[in-house]
Each structure stands twice: as C-alpha cells, then as structure tokens.
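Chemist: What follows is model.pdb, made up of PDB, C-alpha atoms, pLDDT in the B column:
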MODEL        1
ATOM      1  CA  MET S  25      13.521  19.893   0.324  1.00 49.00           C
ATOM      2  CA  LYS S  26       9.855  20.876   0.128  1.00 53.00           C
ATOM      3  CA  GLU S  27       7.330  18.259   1.280  1.00 57.00           C
ATOM      4  CA  HIS S  28       5.164  17.065  -1.598  1.00 60.00           C
ATOM      5  CA  PRO S  29       1.475  16.307  -1.126  1.00 66.00           C
ATOM      6  CA  ILE S  30       0.209  12.795  -0.576  1.00 72.00           C
ATOM      7  CA  ASN S  31      -1.726  11.532  -3.592  1.00 76.00           C
ATOM      8  CA  ARG S  32      -4.918   9.538  -3.101  1.00 80.00           C
ATOM      9  CA  ASP S  33      -6.243  10.022  -6.652  1.00 85.00           C
ATOM     10  CA  LEU S  34      -7.694   6.649  -7.658  1.00 87.00           C
ATOM     11  CA  GLU S  35      -7.349   7.590 -11.344  1.00 89.00           C
ATOM     12  CA  LEU S  36      -3.558   7.364 -10.895  1.00 93.00           C
ATOM     13  CA  ILE S  37      -3.616   3.809  -9.452  1.00 95.00           C
ATOM     14  CA  ASP S  38      -3.503   0.523 -11.397  1.00 96.00           C
ATOM     15  CA  GLY S  39      -7.055  -0.862 -11.649  1.00 95.00           C
ATOM     16  CA  ARG S  40      -5.965  -4.264 -10.323  1.00 96.00           C
ATOM     17  CA  LEU S  41      -4.864  -2.593  -7.085  1.00 97.00           C
ATOM     18  CA  ILE S  42      -8.158  -0.722  -6.840  1.00 96.00           C
ATOM     19  CA  GLN S  43     -10.059  -4.005  -7.225  1.00 96.00           C
ATOM     20  CA  TYR S  44      -7.823  -5.632  -4.582  1.00 97.00           C
ATOM     21  CA  TYR S  45      -8.249  -2.679  -2.219  1.00 96.00           C
ATOM     22  CA  GLU S  46     -12.041  -2.553  -2.579  1.00 96.00           C
ATOM     23  CA  SER S  47     -12.306  -6.250  -1.778  1.00 97.00           C
ATOM     24  CA  LEU S  48      -9.816  -6.137   1.107  1.00 97.00           C
ATOM     25  CA  SER S  49     -11.288  -3.000   2.685  1.00 96.00           C
ATOM     26  CA  LYS S  50     -14.759  -4.608   2.762  1.00 97.00           C
ATOM     27  CA  ILE S  51     -13.369  -7.716   4.480  1.00 97.00           C
ATOM     28  CA  LEU S  52     -11.451  -5.585   6.996  1.00 95.00           C
ATOM     29  CA  LYS S  53     -14.499  -3.415   7.687  1.00 95.00           C
ATOM     30  CA  ASP S  54     -16.722  -6.473   8.223  1.00 96.00           C
ATOM     31  CA  LYS S  55     -14.205  -8.258  10.416  1.00 94.00           C
ATOM     32  CA  PHE S  56     -12.774  -5.400  12.499  1.00 92.00           C
ATOM     33  CA  GLN S  57     -15.500  -2.744  12.235  1.00 92.00           C
ATOM     34  CA  LYS S  58     -12.844  -0.266  11.126  1.00 90.00           C
ATOM     35  CA  ASP S  59     -12.273   1.665   7.930  1.00 91.00           C
ATOM     36  CA  PHE S  60      -9.072   1.099   6.001  1.00 92.00           C
ATOM     37  CA  ARG S  61      -8.288   3.498   3.175  1.00 92.00           C
ATOM     38  CA  ILE S  62      -5.653   4.161   0.595  1.00 94.00           C
ATOM     39  CA  PHE S  63      -3.245   6.561   2.248  1.00 92.00           C
ATOM     40  CA  GLU S  64      -1.122   6.988  -0.844  1.00 93.00           C
ATOM     41  CA  GLY S  65      -0.983   5.795  -4.430  1.00 94.00           C
ATOM     42  CA  HIS S  66       1.088   7.532  -7.082  1.00 95.00           C
ATOM     43  CA  ARG S  67       3.962   9.661  -5.845  1.00 93.00           C
ATOM     44  CA  THR S  68       6.464  11.983  -7.419  1.00 93.00           C
ATOM     45  CA  ALA S  69      10.189  11.280  -7.549  1.00 93.00           C
ATOM     46  CA  GLU S  70      10.663  14.216  -5.171  1.00 93.00           C
ATOM     47  CA  ARG S  71       8.299  12.732  -2.580  1.00 92.00           C
ATOM     48  CA  GLN S  72       9.973   9.329  -2.973  1.00 94.00           C
ATOM     49  CA  GLU S  73      13.348  10.962  -2.269  1.00 94.00           C
ATOM     50  CA  ILE S  74      11.960  12.544   0.914  1.00 93.00           C
ATOM     51  CA  LEU S  75      10.588   9.188   2.122  1.00 91.00           C
ATOM     52  CA  LEU S  76      13.905   7.518   1.310  1.00 93.00           C
ATOM     53  CA  LYS S  77      15.841  10.094   3.332  1.00 93.00           C
ATOM     54  CA  LYS S  78      13.439   9.707   6.271  1.00 91.00           C
ATOM     55  CA  GLY S  79      13.853   5.903   6.195  1.00 88.00           C
ATOM     56  CA  PHE S  80      10.220   5.211   5.215  1.00 86.00           C
ATOM     57  CA  SER S  81      11.348   3.687   1.930  1.00 89.00           C
ATOM     58  CA  LYS S  82      14.391   1.705   0.865  1.00 89.00           C
ATOM     59  CA  THR S  83      14.355   2.356  -2.896  1.00 90.00           C
ATOM     60  CA  LYS S  84      14.436   5.117  -5.470  1.00 90.00           C
ATOM     61  CA  ASN S  85      12.593   2.779  -7.859  1.00 90.00           C
ATOM     62  CA  SER S  86       9.306   2.468  -6.002  1.00 94.00           C
ATOM     63  CA  LYS S  87       6.266   1.113  -7.795  1.00 95.00           C
ATOM     64  CA  HIS S  88       4.490   4.223  -6.463  1.00 95.00           C
ATOM     65  CA  LEU S  89       6.337   6.143  -9.212  1.00 95.00           C
ATOM     66  CA  PHE S  90       4.576   4.405 -12.121  1.00 94.00           C
ATOM     67  CA  LYS S  91       1.576   6.037 -13.816  1.00 91.00           C
ATOM     68  CA  PRO S  92      -0.701   4.409 -13.018  1.00 95.00           C
ATOM     69  CA  SER S  93       0.840   3.575  -9.673  1.00 96.00           C
ATOM     70  CA  ARG S  94       1.602  -0.085  -9.116  1.00 97.00           C
ATOM     71  CA  ALA S  95       1.674   0.372  -5.339  1.00 97.00           C
ATOM     72  CA  ILE S  96      -0.687   1.607  -2.649  1.00 97.00           C
ATOM     73  CA  ASP S  97      -0.403   2.130   1.069  1.00 95.00           C
ATOM     74  CA  ILE S  98      -3.481   1.094   3.035  1.00 94.00           C
ATOM     75  CA  ILE S  99      -3.913   2.166   6.635  1.00 90.00           C
ATOM     76  CA  GLU S 100      -6.623   2.486   9.210  1.00 89.00           C
ATOM     77  CA  PHE S 101      -8.833   5.564   9.069  1.00 88.00           C
ATOM     78  CA  PRO S 102      -8.706   7.933  10.833  1.00 83.00           C
ATOM     79  CA  TRP S 103      -5.047   7.859   9.729  1.00 76.00           C
ATOM     80  CA  THR S 104      -2.747   5.921  12.012  1.00 72.00           C
ATOM     81  CA  TRP S 105       0.410   3.937  11.296  1.00 67.00           C
ATOM     82  CA  LYS S 106       0.235   1.899  14.484  1.00 71.00           C
ATOM     83  CA  GLY S 107      -3.278   0.556  15.003  1.00 74.00           C
ATOM     84  CA  PHE S 108      -4.646  -2.643  13.545  1.00 73.00           C
ATOM     85  CA  ILE S 109      -1.962  -3.137  10.905  1.00 77.00           C
ATOM     86  CA  LEU S 110       0.312  -4.381  13.686  1.00 80.00           C
ATOM     87  CA  SER S 111      -2.073  -7.080  14.914  1.00 87.00           C
ATOM     88  CA  ASP S 112      -1.584 -10.759  14.112  1.00 91.00           C
ATOM     89  CA  ASP S 113      -5.274 -11.013  13.207  1.00 93.00           C
ATOM     90  CA  TYR S 114      -4.863  -8.239  10.608  1.00 92.00           C
ATOM     91  CA  LYS S 115      -1.773  -9.921   9.143  1.00 94.00           C
ATOM     92  CA  LYS S 116      -3.560 -13.276   8.948  1.00 96.00           C
ATOM     93  CA  THR S 117      -6.580 -11.667   7.262  1.00 96.00           C
ATOM     94  CA  VAL S 118      -4.454  -9.893   4.638  1.00 97.00           C
ATOM     95  CA  ASN S 119      -2.468 -13.061   3.871  1.00 97.00           C
ATOM     96  CA  GLU S 120      -5.669 -15.061   3.490  1.00 98.00           C
ATOM     97  CA  HIS S 121      -7.047 -12.413   1.117  1.00 97.00           C
ATOM     98  CA  LEU S 122      -3.857 -12.422  -0.971  1.00 97.00           C
ATOM     99  CA  LYS S 123      -4.586 -16.024  -1.995  1.00 97.00           C
ATOM    100  CA  ASN S 124      -7.303 -14.575  -4.269  1.00 96.00           C
ATOM    101  CA  PHE S 125      -4.890 -12.041  -5.806  1.00 97.00           C
ATOM    102  CA  PRO S 126      -1.742 -13.885  -6.929  1.00 95.00           C
ATOM    103  CA  HIS S 127      -0.529 -10.806  -8.827  1.00 96.00           C
ATOM    104  CA  ILE S 128      -0.329  -8.703  -5.626  1.00 97.00           C
ATOM    105  CA  GLN S 129       2.353  -8.818  -2.957  1.00 97.00           C
ATOM    106  CA  TRP S 130       2.307  -7.266   0.485  1.00 97.00           C
ATOM    107  CA  GLY S 131       5.157  -5.463   2.222  1.00 95.00           C
ATOM    108  CA  GLY S 132       4.091  -7.174   5.457  1.00 94.00           C
ATOM    109  CA  ASN S 133       5.641 -10.389   4.092  1.00 95.00           C
ATOM    110  CA  TRP S 134       9.000  -8.924   3.133  1.00 93.00           C
ATOM    111  CA  LYS S 135      12.047 -10.225   4.993  1.00 91.00           C
ATOM    112  CA  ASN S 136      14.454  -7.245   4.965  1.00 88.00           C
ATOM    113  CA  PHE S 137      12.062  -4.319   5.389  1.00 85.00           C
ATOM    114  CA  LEU S 138       8.558  -4.837   6.744  1.00 89.00           C
ATOM    115  CA  ASP S 139       6.237  -2.303   5.154  1.00 91.00           C
ATOM    116  CA  LEU S 140       2.838  -3.201   6.570  1.00 91.00           C
ATOM    117  CA  PRO S 141       0.774  -0.545   4.745  1.00 92.00           C
ATOM    118  CA  HIS S 142       2.350  -1.347   1.356  1.00 95.00           C
ATOM    119  CA  HIS S 143       0.669  -3.486  -1.342  1.00 97.00           C
ATOM    120  CA  GLU S 144       1.977  -3.710  -4.907  1.00 97.00           C
ATOM    121  CA  THR S 145       1.749  -5.597  -8.176  1.00 97.00           C
ATOM    122  CA  LYS S 146       4.346  -8.334  -8.654  1.00 94.00           C
ATOM    123  CA  GLU S 147       5.575  -7.566 -12.160  1.00 77.00           C
ATOM    124  CA  THR S 148       8.622  -5.371 -12.536  1.00 60.00           C
ATOM    125  CA  LYS S 149       8.163  -4.048 -16.084  1.00 59.00           C
ATOM    126  CA  ASN S 150       5.492  -1.902 -17.665  1.00 52.00           C
ATOM    127  CA  PRO S 151       2.569  -4.013 -18.919  1.00 48.00           C
TER     128      PRO S 151
ENDMDL
END
Could you render the structure from this file as structure tokens?

Modeler:
Amino acid sequence: MKEHPINRDLELIDGRLIQYYESLSKILKDKFQKDFRIFEGHRTAERQEILLKKGFSKTKNSKHLFKPSRAIDIIEFPWTWKGFILSDDYKKTVNEHLKNFPHIQWGGNWKNFLDLPHHETKETKNP
C-alpha cells in the first residue's frame, strides 16, 4: 500500500478547529516557548487505512475523513511525537484550554486509546 501524503491544508479543516488551534498554539508558545503546529488535518481513506494497520488509529471512521476535517493532530515543531505532549504540564494546559471550547474533545482524555496529538469536534453527524 502506497503511503499517502500528510495534509496540512487549513482550507480542508473545520473553522472551529482552526480557531481552537490558533488560540491553543499561542498559549503553548507563551507558556513553553515552543511551537506547536497542525501535523495533519484532512486525510484520505487510504491514509486512514495505513494508520489503522500501523496501530496509530483505531477506527476506519475517523473525523479526519470529513471535508472539512473535524479532527487535527497538533504536535511540537520541529516534528516530534514524544516531546512536550507527554508532560503533565502540557496535559494540564490543554485541559484548562478546553474549558473555553466545549465543542472540542481531546484524545489525551480518552480511556481506551490515548491519542495525545488528536483534537476533534464532538458532534458525530455532518452539520
């Protein structure tokens, strides 16, 4: 299966997630003096299948598949999956920020599969 490119096109991401990201990234930059960027927004079904097979996702029905995407992955830049997103201070900061965005949920709060970079809208149907 051919690897599909990672999509960071903001035009393909739900505007509510962009607003959330812009606010959160400023707070993270101010607090930690580090850049956090959208690693991925919209993805194809083929890319989702690859991530599922590799164990990086647990669903074929990801909110990344919507157009516009209802999910984004935010990680530290330069790109790393391990850095600050693992710290308790980062987790506390994100949870505090989520209080201002009741329509967003974070994969860092999931019980069965922690997905620390993942942020998505709560609704399950097309608006």

Chemist: If the PyMOL selection byres ((chain S and resi 72) around 10) were run on this exact file, what residues would it hold? Put them as a PyMOL selection string.

Modeler: chain S and resi 28+66-71+73-78+80-86+88-89

Chemist: Taking the file as shown, find all residues satisfying the PyMOL selection byres ((chain S and resi 98-101) around 8) and write them as a short mmCIF file (atom, residue, chain, number, x, y, z; two decimals) with C-alpha atoms, in the frame of the given file.

Modeler:
data_model
loop_
_atom_site.label_atom_id
_atom_site.label_comp_id
_atom_site.auth_asym_id
_atom_site.auth_seq_id
_atom_site.Cartn_x
_atom_site.Cartn_y
_atom_site.Cartn_z
CA LYS S 58 -12.84 -0.27 11.13
CA ASP S 59 -12.27 1.66 7.93
CA PHE S 60 -9.07 1.10 6.00
CA ARG S 61 -8.29 3.50 3.18
CA ILE S 62 -5.65 4.16 0.60
CA PHE S 63 -3.24 6.56 2.25
CA GLU S 64 -1.12 6.99 -0.84
CA ILE S 96 -0.69 1.61 -2.65
CA ASP S 97 -0.40 2.13 1.07
CA PRO S 102 -8.71 7.93 10.83
CA TRP S 103 -5.05 7.86 9.73
CA THR S 104 -2.75 5.92 12.01
CA TRP S 105 0.41 3.94 11.30
CA GLY S 107 -3.28 0.56 15.00
CA PHE S 108 -4.65 -2.64 13.54
CA ILE S 109 -1.96 -3.14 10.90
CA PRO S 141 0.77 -0.55 4.74
CA HIS S 142 2.35 -1.35 1.36
CA HIS S 143 0.67 -3.49 -1.34
#

Chemist: Would you please work out which residue, of S:Asp54, S:Leu36, S:Thr145, S:Gly79, is nearest to S:Leu122 when using all atoms listed in the file?

Modeler: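 Checking each of S:Asp54, S:Leu36, S:Thr145, S:Gly79 against S:Leu122, counting all atoms listed in the file, the winner is S:Thr145.
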
Chemist: Here's the selection I'm unsure about, the PyMOL selection byres ((chain S and resi 42) around 12); applied to the file above, which residues does it give, as a PyMOL selection string?

Modeler: chain S and resi 32-41+43-49+61-62+65+92-98+125+128+143-145

Chemist: I need the residue nearest S:Asp139 from this list: S:Lys116, S:Leu110, S:His121, S:Ile51. Use all atoms listed in the file for the distance.

Modeler: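 Residue with the minimum atom-to-atom distance to S:Asp139: S:Leu110.
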
Chemist: Assuming 8 Å of padding per side, give the centre and edge lengths of the axis-aligned box around every listed atom of stretch 79-88 of chain S, in Å to one decimal and as JSON.

Modeler:
{"center_x": 9.5, "center_y": 3.5, "center_z": -0.8, "size_x": 25.9, "size_y": 20.8, "size_z": 30.1}

Chemist: What separation in Å, quoted to one decimal, exists between atom CA of S:Leu52 and atom CA of S:Pro126?

Modeler: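 Atom CA of S:Pro126 lies at a distance of 18.9 Å from atom CA of S:Leu52.
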
Chemist: Suppose you want the space between atom CA of S:Glu120 and atom CA of S:Gly132; what is it in Å?

Modeler: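 Atom CA of S:Gly132 lies 12.7 Å from atom CA of S:Glu120.
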
Chemist: Please indicate the distance in Å from atom CA of S:Lys53 to atom CA of S:Phe137, rounded to one decimal place.

Modeler: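 Distance between the two atoms: 26.7 Å.
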
Chemist: From the list S:Leu140, S:Lys135, S:Lys50, S:Phe90, which residue is nearest S:Ser111 when using all atoms listed in the file?

Modeler: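 Closest residue, counting all atoms listed in the file: S:Leu140.
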